[in-house]
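Chemist: Quick one, protein_39.cif (mmCIF, C-alpha atoms and all ligand atoms):
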data_protein
#
loop_
_atom_site.label_atom_id
_atom_site.label_comp_id
_atom_site.auth_asym_id
_atom_site.auth_seq_id
_atom_site.Cartn_x
_atom_site.Cartn_y
_atom_site.Cartn_z
CA MET A 1 -6.24 150.00 184.69
CA ARG A 2 -5.11 150.54 188.25
CA VAL A 3 -6.53 153.50 190.18
CA MET A 4 -6.49 154.99 193.65
CA GLN A 5 -10.19 155.57 194.19
CA LEU A 6 -12.11 157.58 196.76
CA ALA A 7 -15.53 156.11 197.67
CA GLU A 8 -16.23 158.34 200.68
CA ALA A 9 -14.35 161.28 202.15
CA ALA A 10 -12.56 160.49 205.42
CA PRO A 11 -9.47 161.69 207.32
CA VAL A 12 -6.32 160.78 205.37
CA SER A 13 -4.96 159.02 208.46
CA THR A 14 -7.57 156.30 207.69
CA HIS A 15 -6.21 155.96 204.11
CA PRO A 16 -9.48 156.68 202.28
CA LEU A 17 -8.05 155.96 198.81
CA ARG A 18 -8.42 152.34 197.77
CA HIS A 19 -6.17 150.70 195.20
CA VAL A 20 -8.52 148.98 192.73
CA ASP A 21 -8.54 147.50 189.27
CA ALA A 22 -11.04 149.27 187.02
CA PRO A 23 -12.05 148.73 183.40
CA ASP A 24 -9.90 150.66 180.88
CA PRO A 25 -11.74 153.81 179.75
CA THR A 26 -12.28 154.55 176.06
CA PRO A 27 -11.97 158.09 174.71
CA ALA A 28 -15.31 159.58 173.59
CA SER A 29 -15.63 162.05 170.75
CA GLY A 30 -13.22 164.95 171.27
CA GLU A 31 -11.27 163.09 173.94
CA LEU A 32 -7.81 161.61 174.41
CA LEU A 33 -6.86 158.50 176.33
CA LEU A 34 -3.64 159.13 178.26
CA ARG A 35 -1.22 156.63 179.69
CA VAL A 36 -0.38 158.50 182.88
CA THR A 37 3.29 158.72 183.84
CA ALA A 38 3.16 161.28 186.65
CA CYS A 39 0.54 163.03 188.74
CA ALA A 40 1.37 165.64 191.34
CA VAL A 41 -0.46 165.77 194.65
CA CYS A 42 -2.22 169.03 195.49
CA ARG A 43 -3.74 170.40 198.69
CA THR A 44 -7.08 170.41 196.86
CA ASP A 45 -6.81 166.60 196.55
CA LEU A 46 -6.41 166.48 200.32
CA GLN A 47 -9.47 168.70 200.77
CA ILE A 48 -11.55 166.45 198.49
CA CYS A 49 -10.36 163.27 200.24
CA GLU A 50 -11.18 164.69 203.68
CA GLY A 51 -14.49 166.30 202.70
CA ASP A 52 -13.49 169.97 203.09
CA LEU A 53 -14.60 170.18 199.47
CA ALA A 54 -17.78 168.12 199.11
CA MET A 55 -17.46 165.21 196.67
CA ARG A 56 -19.29 165.84 193.41
CA ARG A 57 -19.21 162.22 192.22
CA ARG A 58 -18.81 158.87 193.97
CA PRO A 59 -16.49 157.15 193.56
CA ILE A 60 -13.89 159.50 192.14
CA VAL A 61 -10.23 159.19 191.19
CA PRO A 62 -8.44 162.36 192.38
CA GLY A 63 -5.45 164.03 190.76
CA HIS A 64 -5.39 167.10 188.51
CA GLN A 65 -1.72 167.64 187.63
CA ILE A 66 -1.31 164.87 185.12
CA ILE A 67 1.46 164.15 182.65
CA GLY A 68 0.92 161.33 180.20
CA ARG A 69 1.32 160.06 176.66
CA VAL A 70 -1.55 159.88 174.25
CA ALA A 71 -2.45 156.19 173.99
CA ALA A 72 -5.54 156.63 171.81
CA VAL A 73 -7.34 159.48 170.10
CA GLY A 74 -11.14 159.64 170.13
CA PRO A 75 -13.26 160.56 167.10
CA ASP A 76 -13.13 164.21 165.94
CA VAL A 77 -9.71 164.94 167.43
CA HIS A 78 -7.32 166.37 164.86
CA ASP A 79 -4.47 168.09 166.69
CA TRP A 80 -3.14 165.25 168.86
CA ARG A 81 -1.42 162.04 167.86
CA GLU A 82 -0.61 158.79 169.62
CA GLY A 83 2.62 159.15 171.60
CA ASP A 84 2.34 162.93 172.13
CA ARG A 85 3.10 164.14 175.62
CA ALA A 86 0.17 165.96 177.22
CA GLY A 87 -0.54 167.72 180.49
CA VAL A 88 -3.91 167.91 182.21
CA ALA A 89 -4.76 170.47 184.83
CA TRP A 90 -7.62 171.37 187.19
CA LEU A 91 -9.97 172.86 184.57
CA SER A 92 -11.21 169.86 182.59
CA GLY A 93 -13.94 171.63 180.67
CA ALA A 94 -16.03 174.79 180.30
CA CYS A 95 -19.17 175.47 178.23
CA GLY A 96 -17.53 177.76 175.67
CA ARG A 97 -20.88 179.54 175.10
CA CYS A 98 -21.56 181.70 178.17
CA ALA A 99 -20.60 185.37 178.54
CA ARG A 100 -17.68 184.56 180.82
CA CYS A 101 -16.24 181.95 178.46
CA GLY A 102 -16.67 184.49 175.66
CA ARG A 103 -14.67 187.10 177.57
CA GLY A 104 -11.75 184.78 178.28
CA ARG A 105 -12.87 184.05 181.82
CA GLU A 106 -13.62 180.36 181.43
CA ASN A 107 -12.28 179.88 184.97
CA LEU A 108 -15.56 181.45 186.16
CA CYS A 109 -17.87 179.43 183.85
CA GLU A 110 -20.82 178.10 185.82
CA GLU A 111 -20.65 174.86 183.87
CA ALA A 112 -16.91 174.44 184.35
CA GLU A 113 -15.79 170.95 185.29
CA PHE A 114 -12.74 169.94 187.21
CA THR A 115 -10.29 167.08 186.91
CA GLY A 116 -10.31 164.72 189.87
CA TRP A 117 -13.55 166.26 191.20
CA ASP A 118 -16.14 166.06 188.39
CA ARG A 119 -14.28 163.56 186.25
CA ASP A 120 -11.71 160.93 187.12
CA GLY A 121 -8.20 162.27 187.46
CA GLY A 122 -4.61 161.08 187.37
CA TYR A 123 -4.16 158.83 190.40
CA ALA A 124 -4.43 156.10 187.79
CA THR A 125 -2.54 154.35 185.03
CA LEU A 126 -4.99 155.65 182.40
CA ALA A 127 -7.18 158.75 182.12
CA THR A 128 -9.45 160.28 179.49
CA VAL A 129 -9.39 164.04 178.95
CA ARG A 130 -11.02 166.58 176.64
CA ALA A 131 -8.49 167.11 173.86
CA ASP A 132 -9.20 170.86 173.75
CA PHE A 133 -8.28 171.11 177.45
CA ALA A 134 -5.06 169.07 177.21
CA LEU A 135 -1.86 171.10 177.30
CA GLY A 136 1.46 170.79 175.49
CA VAL A 137 4.38 170.40 177.91
CA PRO A 138 7.76 172.05 177.25
CA GLU A 139 10.57 169.60 176.39
CA VAL A 140 12.91 170.88 179.11
CA PHE A 141 10.90 169.29 181.90
CA GLU A 142 10.85 165.62 182.80
CA ASP A 143 7.44 164.17 183.59
CA VAL A 144 7.75 164.29 187.39
CA GLU A 145 9.11 167.85 187.21
CA ALA A 146 6.37 169.06 184.89
CA ALA A 147 3.44 167.67 186.90
CA PRO A 148 3.51 170.14 189.83
CA LEU A 149 3.74 173.07 187.42
CA LEU A 150 0.22 172.25 186.23
CA CYS A 151 -1.63 173.43 189.34
CA GLY A 152 0.60 175.04 191.93
CA GLY A 153 2.59 176.73 189.20
CA VAL A 154 -0.28 177.91 187.01
CA ILE A 155 -2.53 179.12 189.82
CA GLY A 156 0.38 180.88 191.49
CA TYR A 157 1.02 182.63 188.18
CA ARG A 158 -2.61 183.70 187.92
CA ALA A 159 -2.52 184.93 191.53
CA LEU A 160 0.57 187.00 190.71
CA LYS A 161 -1.26 188.58 187.77
CA VAL A 162 -4.33 189.26 189.95
CA SER A 163 -2.12 190.87 192.63
CA GLY A 164 -0.80 193.30 190.03
CA ALA A 165 2.82 192.70 191.10
CA ALA A 166 5.17 194.63 188.80
CA PRO A 167 8.96 194.78 188.32
CA GLY A 168 10.78 196.60 191.11
CA GLN A 169 7.76 196.42 193.42
CA THR A 170 7.58 194.75 196.80
CA LEU A 171 5.62 191.49 196.88
CA GLY A 172 4.66 189.48 199.95
CA LEU A 173 4.10 185.73 199.74
CA TYR A 174 2.24 184.25 202.71
CA GLY A 175 2.79 180.52 203.13
CA PHE A 176 5.56 178.68 201.31
CA GLY A 177 4.38 175.34 199.95
CA ALA A 178 4.66 173.91 196.44
CA SER A 179 2.76 176.75 194.77
CA ALA A 180 4.58 179.62 196.50
CA LEU A 181 7.93 178.02 195.73
CA LEU A 182 7.16 178.24 192.00
CA THR A 183 5.53 181.66 192.25
CA LEU A 184 8.63 183.09 193.92
CA GLN A 185 10.72 182.01 190.94
CA VAL A 186 8.39 183.81 188.51
CA ALA A 187 8.31 186.95 190.68
CA ARG A 188 12.11 187.05 190.87
CA PHE A 189 12.31 186.59 187.10
CA TRP A 190 10.00 189.60 186.75
CA GLY A 191 12.27 191.63 189.03
CA CYS A 192 9.95 191.88 192.05
CA ARG A 193 11.44 192.25 195.53
CA VAL A 194 10.00 189.31 197.43
CA PHE A 195 9.27 189.04 201.15
CA VAL A 196 8.06 185.67 202.44
CA CYS A 197 6.05 184.94 205.58
CA ALA A 198 5.97 181.23 206.44
CA ARG A 199 5.31 179.05 209.45
CA SER A 200 8.41 176.87 209.53
CA ALA A 201 12.07 177.84 209.68
CA ALA A 202 12.79 175.29 206.93
CA ASP A 203 10.34 177.06 204.59
CA ARG A 204 11.86 180.42 205.41
CA SER A 205 15.39 179.29 204.63
CA ARG A 206 14.21 177.68 201.39
CA ALA A 207 12.61 180.99 200.41
CA LEU A 208 15.83 182.89 201.10
CA ALA A 209 17.83 180.37 199.07
CA LEU A 210 15.49 180.99 196.10
CA GLY A 211 16.01 184.74 196.19
CA ALA A 212 13.57 186.15 198.75
CA GLU A 213 14.96 189.36 200.23
CA TRP A 214 13.49 188.71 203.67
CA ALA A 215 11.63 185.86 205.38
CA GLY A 216 9.70 185.88 208.65
CA GLY A 217 6.71 184.38 210.41
CA TYR A 218 3.02 185.14 209.71
CA ASP A 219 2.88 187.72 212.49
CA ASP A 220 6.13 189.46 211.59
CA ALA A 221 5.80 192.67 209.61
CA PRO A 222 7.86 192.68 206.38
CA PRO A 223 10.57 195.38 206.38
CA GLU A 224 8.66 197.55 203.89
CA PRO A 225 4.97 198.01 202.97
CA LEU A 226 3.87 195.58 200.25
CA ASP A 227 2.71 196.76 196.84
CA ALA A 228 1.13 193.36 196.31
CA ALA A 229 0.68 190.14 198.25
CA VAL A 230 -0.43 186.59 197.56
CA THR A 231 -1.66 184.35 200.36
CA PHE A 232 -1.28 180.58 199.98
CA ALA A 233 -2.03 179.40 203.51
CA PRO A 234 -5.63 178.15 203.88
CA ALA A 235 -6.11 180.31 206.98
CA GLY A 236 -8.25 183.46 207.15
CA SER A 237 -5.98 185.06 209.76
CA VAL A 238 -3.13 185.06 207.23
CA VAL A 239 -5.25 187.13 204.83
CA VAL A 240 -5.63 189.81 207.51
CA ALA A 241 -1.90 189.72 208.26
CA ALA A 242 -1.19 190.29 204.54
CA LEU A 243 -3.68 193.15 204.32
CA ARG A 244 -2.09 194.84 207.35
CA ALA A 245 1.30 194.73 205.60
CA THR A 246 -0.02 196.12 202.31
CA ALA A 247 0.67 199.68 201.13
CA ARG A 248 -1.98 202.14 199.89
CA GLY A 249 -3.46 200.94 196.61
CA GLY A 250 -2.02 197.45 197.04
CA THR A 251 -3.82 194.17 196.35
CA VAL A 252 -3.92 190.97 198.35
CA ALA A 253 -4.74 187.98 196.14
CA ILE A 254 -6.02 184.92 197.98
CA ASN A 255 -4.80 181.76 196.34
CA ALA A 256 -7.06 179.24 198.06
CA ILE A 257 -10.10 177.25 197.01
CA HIS A 258 -11.02 176.67 200.64
CA LEU A 259 -10.32 179.02 203.52
CA ASP A 260 -11.39 179.06 207.14
CA GLU A 261 -13.18 182.13 208.46
CA ILE A 262 -11.50 185.50 207.94
CA PRO A 263 -11.38 187.26 211.33
CA ALA A 264 -12.92 190.74 211.64
CA PHE A 265 -10.44 193.55 210.97
CA ALA A 266 -10.47 197.32 211.20
CA TYR A 267 -11.53 199.16 208.02
CA GLU A 268 -8.29 201.15 208.12
CA HIS A 269 -6.50 198.05 206.79
CA LEU A 270 -8.62 198.13 203.62
CA TRP A 271 -8.94 201.93 203.35
CA TRP A 272 -6.80 203.80 200.79
CA GLU A 273 -7.96 201.65 197.93
CA ARG A 274 -6.41 198.43 199.07
CA SER A 275 -8.06 195.42 197.39
CA LEU A 276 -8.76 191.93 198.56
CA ARG A 277 -9.33 189.44 195.72
CA SER A 278 -9.82 185.73 195.48
CA VAL A 279 -8.25 183.69 192.69
CA ALA A 280 -10.52 181.02 191.26
CA ASN A 281 -9.07 178.25 189.11
CA PHE A 282 -7.29 179.39 185.94
CA THR A 283 -7.81 179.55 182.22
CA ARG A 284 -6.06 177.55 179.51
CA ARG A 285 -4.41 180.79 178.49
CA ASP A 286 -2.91 181.16 181.99
CA ALA A 287 -1.62 177.60 181.76
CA ARG A 288 -0.02 178.08 178.33
CA GLU A 289 1.55 181.41 179.33
CA PHE A 290 2.92 179.95 182.54
CA LEU A 291 4.36 176.78 180.96
CA ASP A 292 6.10 178.89 178.34
CA LEU A 293 7.51 181.19 181.03
CA ALA A 294 8.52 178.24 183.23
CA ALA A 295 10.60 176.82 180.38
CA ARG A 296 12.27 180.18 179.70
CA ILE A 297 13.23 180.91 183.33
CA PRO A 298 13.70 177.85 183.68
CA ILE A 299 11.81 177.02 186.84
CA ARG A 300 13.24 174.20 188.92
CA PRO A 301 10.49 172.37 190.79
CA SER A 302 11.63 170.38 193.79
CA VAL A 303 9.79 167.08 193.94
CA ASP A 304 9.26 164.29 196.41
CA VAL A 305 8.40 161.14 194.43
CA TYR A 306 5.96 158.36 195.49
CA GLY A 307 4.43 155.33 193.80
CA LEU A 308 0.73 155.26 192.81
CA GLU A 309 -0.11 152.95 195.72
CA GLU A 310 1.51 155.42 198.14
CA ALA A 311 -1.00 158.22 197.39
CA ASN A 312 -2.51 158.03 200.91
CA VAL A 313 0.96 158.37 202.45
CA ALA A 314 1.79 161.34 200.22
CA LEU A 315 -1.46 163.06 201.28
CA GLU A 316 -0.75 162.37 204.96
CA ARG A 317 2.71 163.89 204.64
CA LEU A 318 1.32 166.89 202.77
CA LYS A 319 -1.17 167.43 205.58
CA ALA A 320 1.58 167.16 208.19
CA GLY A 321 3.73 169.69 206.33
CA GLN A 322 6.43 167.07 205.76
CA ILE A 323 6.91 167.61 202.04
CA ALA A 324 9.62 169.92 200.79
CA GLY A 325 8.35 171.18 197.45
CA ALA A 326 5.75 169.05 195.68
CA ALA A 327 4.70 165.43 196.12
CA VAL A 328 4.44 163.60 192.80
CA LEU A 329 3.19 160.09 192.05
CA ARG A 330 5.37 158.39 189.44
CA ILE A 331 3.15 155.97 187.60
CA ASP A 332 4.59 153.02 185.77
CA SER A 333 2.16 152.27 183.03
CA PRO A 334 2.88 149.26 180.89
CA GLY A 335 3.88 150.40 177.43
CA ALA A 336 4.79 153.95 178.47
CA ARG A 337 7.92 155.42 176.97
ZN ZN B 1 -4.39 171.83 192.63
ZN ZN B 2 -19.01 179.00 180.07
#
Could you write out this file's structure as structure tokens?
Modeler:
Amino acid sequence: MRVMQLAEAAPVSTHPLRHVDAPDPTPASGELLLRVTACAVCRTDLQICEGDLAMRRRPIVPGHQIIGRVAAVGPDVHDWREGDRAGVAWLSGACGRCARCGRGRENLCEEAEFTGWDRDGGYATLATVRADFALGVPEVFEDVEAAPLLCGGVIGYRALKVSGAAPGQTLGLYGFGASALLTLQVARFWGCRVFVCARSAADRSRALALGAEWAGGYDDAPPEPLDAAVTFAPAGSVVVAALRATARGGTVAINAIHLDEIPAFAYEHLWWERSLRSVANFTRRDAREFLDLAARIPIRPSVDVYGLEEANVALERLKAGQIAGAAVLRIDSPGAR
């Protein structure tokens, strides 16, 4: 198989991913072998490649928004067949035995493993995945459209749930990349009034075109206090800006796996039962609920397509803020449908 492999973290400008031929993997018991057709590029991939998130295995193949076709089924797999379309997301496994797994919070399992961080991901022509963590993908989406739903979409959906946003309420979205773009569509479908704070004028006009009621910069106050907010920008100062704009009893959900330092702020911004919550990963239930919702809306992801060998370029452009929507690697695997 062909893979884009990371041996050591380094700035993406140095193109740390190397295009190599690797032996084809075989699915172990309970696993599927997928012929990958698309893999979306996430900010987390960038953070792994550059070392903001410490590597957990060397070398590693990044990529955790994978669409593929089942090429082989390992022993003890009964509910998947060769040729089925499957999606693979960030959570690649959890213990299934701990108290958190038992209470439906597998996203917090201490033994949880992650695609493209603990096990090889989708910047490859083939990938093996745990069959019980593979997801069905709604028919309405083509492969390159479906891929970015699997992280940005699902985690944005979880963040919306954590924020407590409800129909008719005001919701602030801070930062407007691939995940926020999908989250806005869900929030509008739910009947929330959405205000977007984003850095670039292009992002702000895209937000307005998708139904935001107002769009401004990070330091601009939205026209009304926010009942709920979700921050997407990996900057601590943005969290404080969101909290300042939040109404009594409102929640700010931080949708970031890595954030720089949150500046000190006056207690009055948290007082009156405002809440500040982080959003960590997501559960398979979140993923299934979101994919079902995405098909019903239907969500329209906007994608910027690259070849597998162009993964370094896609990451560089993501870092530079040059991607409108989501970057997706289209992977031509021999024998794929
Ligand atoms: Zn991701
Ligand atoms: Zn567990």
Chemist: Any residue with an atom at most 6 Å from ligand ZN 2 (chain B) counts, using all atoms listed in the file. Which are they? Put them as a short mmCIF file (atom, residue, chain, number, x, y, z; two decimals) with C-alpha atoms, keeping the file's coordinate frame.
Modeler:
data_model
loop_
_atom_site.label_atom_id
_atom_site.label_comp_id
_atom_site.auth_asym_id
_atom_site.auth_seq_id
_atom_site.Cartn_x
_atom_site.Cartn_y
_atom_site.Cartn_z
CA ALA A 94 -16.03 174.79 180.30
CA CYS A 95 -19.17 175.47 178.23
CA GLY A 96 -17.53 177.76 175.67
CA ARG A 97 -20.88 179.54 175.10
CA CYS A 98 -21.56 181.70 178.17
CA ARG A 100 -17.68 184.56 180.82
CA CYS A 101 -16.24 181.95 178.46
CA GLU A 106 -13.62 180.36 181.43
CA CYS A 109 -17.87 179.43 183.85
CA GLU A 111 -20.65 174.86 183.87
#
Chemist: Name the residues within 7 Å of (3.8, 183.6, 196.3), counting only C-alpha atoms in the file's coordinates, and put them as a list in words.
Modeler: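 Using only C-alpha atoms, the matching residues come out as Gly156, Gly172, Leu173, Tyr174, Ala180, Leu181, Thr183, Leu184, Val230, Thr231 and Phe232 of chain A.
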Chemist: Calculated over only C-alpha atoms, which of the candidates A:Asp203, A:Glu224, A:Glu289, A:Glu110 has the smallest distance to Ile323 (chain A)?
Modeler: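 Ranked by minimum distance to Ile323 (chain A), first place goes to A:Asp203.
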Chemist: So, with all atoms listed in the file as the atoms that count, which of A:Val194, A:Ala127, A:Leu53, A:Ala166 lies closest to Cys39 (chain A)?
Modeler: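 Once distances to Cys39 (chain A) are computed over all atoms listed in the file, the minimum belongs to A:Ala127.
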Chemist: Residues within 8 Å of ligand ZN 1 (chain B), counting all atoms listed in the file: report them as a ChimeraX atom specification.
Modeler: /A:41-45,64-65,89-90,150-152
Chemist: Using only C-alpha atoms for the distances, tell me which of A:Pro62, A:Gly216, A:Gly191, A:Pro27 is nearest to Ile48 (chain A).
Modeler: A:Pro62
